[in-house]
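The file work_1.cif contains mmCIF, C-alpha atoms:
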data_my_file
#
loop_
_atom_site.label_atom_id
_atom_site.label_comp_id
_atom_site.auth_asym_id
_atom_site.auth_seq_id
_atom_site.Cartn_x
_atom_site.Cartn_y
_atom_site.Cartn_z
CA MET A 102 90.60 93.63 123.96
CA PRO A 103 88.25 95.42 121.59
CA GLY A 104 89.99 98.77 122.01
CA ALA A 105 93.39 97.49 120.91
CA HIS A 106 91.83 95.66 117.97
CA SER A 107 90.09 98.76 116.61
CA HIS A 108 93.29 100.77 117.05
CA SER A 109 95.10 98.15 115.01
CA HIS A 110 92.61 98.50 112.15
CA SER A 111 92.97 102.28 112.12
CA GLU A 112 96.77 101.95 111.99
CA ARG A 113 96.54 99.42 109.18
CA TYR A 114 94.15 101.73 107.31
CA PHE A 115 96.59 104.63 107.47
CA THR A 116 99.60 102.52 106.48
CA GLN A 117 97.87 100.76 103.62
CA VAL A 118 96.28 103.89 102.19
CA LEU A 119 99.73 105.52 102.09
CA ILE A 120 101.24 102.50 100.35
CA GLY A 121 98.30 102.38 97.92
CA PHE A 122 98.49 106.05 96.98
CA ALA A 123 102.28 105.91 96.67
CA SER A 124 101.99 102.91 94.37
CA LEU A 125 99.34 104.63 92.23
CA ALA A 126 101.48 107.77 92.02
CA GLY A 127 104.44 105.61 91.03
CA PHE A 128 102.30 104.05 88.32
CA VAL A 129 101.45 107.48 86.91
CA PHE A 130 105.07 108.67 86.97
CA LEU A 131 106.32 105.43 85.43
CA THR A 132 103.69 105.63 82.69
CA TYR A 133 104.63 109.20 81.80
CA TYR A 134 108.32 108.30 81.88
CA ALA A 135 107.71 105.36 79.54
CA ILE A 136 105.61 107.48 77.19
CA PHE A 137 107.99 110.43 76.89
CA GLN A 138 111.49 109.10 77.62
CA VAL A 139 111.72 105.55 76.34
CA LYS A 140 112.82 105.25 72.73
CA LYS A 141 110.43 103.66 70.25
CA GLU A 142 112.93 100.94 69.38
CA GLN A 143 113.30 99.70 72.97
CA PRO A 144 111.12 96.88 74.22
CA TRP A 145 108.12 98.11 76.11
CA TYR A 146 107.36 94.84 77.95
CA PHE A 147 109.37 95.75 81.04
CA TRP A 148 107.64 99.12 81.42
CA ALA A 149 104.22 97.58 80.87
CA ALA A 150 104.88 94.89 83.49
CA ALA A 151 106.23 97.41 86.00
CA GLY A 152 103.28 99.72 85.40
CA ALA A 153 100.76 96.90 85.74
CA PHE A 154 102.43 95.76 88.97
CA LEU A 155 102.27 99.27 90.45
CA LEU A 156 98.67 99.78 89.36
CA LEU A 157 97.46 96.47 90.76
CA THR A 158 99.45 96.92 93.96
CA GLY A 159 97.95 100.37 94.45
CA ILE A 160 94.42 99.13 93.88
CA TYR A 161 94.96 96.18 96.23
CA PHE A 162 96.31 98.32 99.08
CA CYS A 163 93.61 100.98 98.67
CA MET A 164 90.86 98.36 98.77
CA SER A 165 92.50 96.65 101.75
CA ALA A 166 92.72 100.03 103.50
CA PHE A 167 89.01 100.57 102.83
CA VAL A 168 88.20 97.23 104.50
CA HIS A 169 90.27 98.17 107.55
CA LYS A 170 88.55 101.56 107.73
CA VAL A 171 85.12 99.89 107.75
CA LYS A 172 86.25 97.42 110.43
CA SER A 173 87.65 100.26 112.51
CA ASP A 174 84.38 102.19 112.24
CA PHE A 175 82.32 99.12 113.18
CA ASN A 176 84.51 98.45 116.22
CA ARG A 177 84.30 102.09 117.33
CA ARG A 178 80.50 102.14 117.01
CA ALA A 179 80.20 98.86 118.90
CA LYS A 180 82.33 100.30 121.69
CA GLN A 181 80.17 103.45 121.80
CA ARG A 182 76.99 101.34 121.95
CA GLU A 183 78.42 99.24 124.78
CA GLN A 184 79.39 102.36 126.72
CA HIS A 185 75.91 103.79 126.18
CA ARG A 186 74.28 100.55 127.39
CA THR A 187 76.53 100.50 130.46
CA PHE A 188 75.70 104.13 131.20
CA MET A 189 71.96 103.53 130.82
CA ALA A 190 72.09 100.41 133.01
CA ASP A 191 73.92 102.32 135.77
CA ASN A 192 71.25 105.05 135.87
#

Go ahead and express the file in the form of structure tokens.
Amino acid sequence: MPGAHSHSHSERYFTQVLIGFASLAGFVFLTYYAIFQVKKEQPWYFWAAAGAFLLLTGIYFCMSAFVHKVKSDFNRRAKQREQHRTFMADN
């Protein structure tokens, strides 16, 4: 079913863009926390690893959401073209 498939891509787009933006926001908050609250004597490796994980996760989910948005748009346009062809063939 093409209709259910395109709906699935639009749902995945919305879910993944929310996860991506939340992860990027978490990266920003974690970075500012590490800059201003962590003492200079404490090891910074944990904060760097956590920040890198959040940044890369956010980028991954945003790019994946972009792919699902493009797929959703392609499926919607294909459905519109098919409906137009069917309408023109009936007339």

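Interatomic distance, CA of Phe154 in chain A against CA of Ser173 in chain A: 28.2 Å.
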
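Between CA of Phe162 in chain A and CA of Thr116 in chain A there is a distance of 9.1 Å.
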
Got a sec to resolve the PyMOL selection byres ((chain A and resi 155-160) around 10) on this structure and send the residues as a list in words? Gln117, Val118, Leu119, Ile120, Gly121, Phe122, Ala123, Ser124, Leu125, Ala126, Gly127, Phe128, Val129, Leu131, Ala149, Ala150, Ala151, Gly152, Ala153, Phe154, Tyr161, Phe162, Cys163, Met164, Ser165 and Ala166 of chain A

To one decimal in Å, tell me the separation between CA of Trp148 in chain A and CA of Phe130 in chain A.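 That distance, rounded to one decimal, is 11.3 Å.
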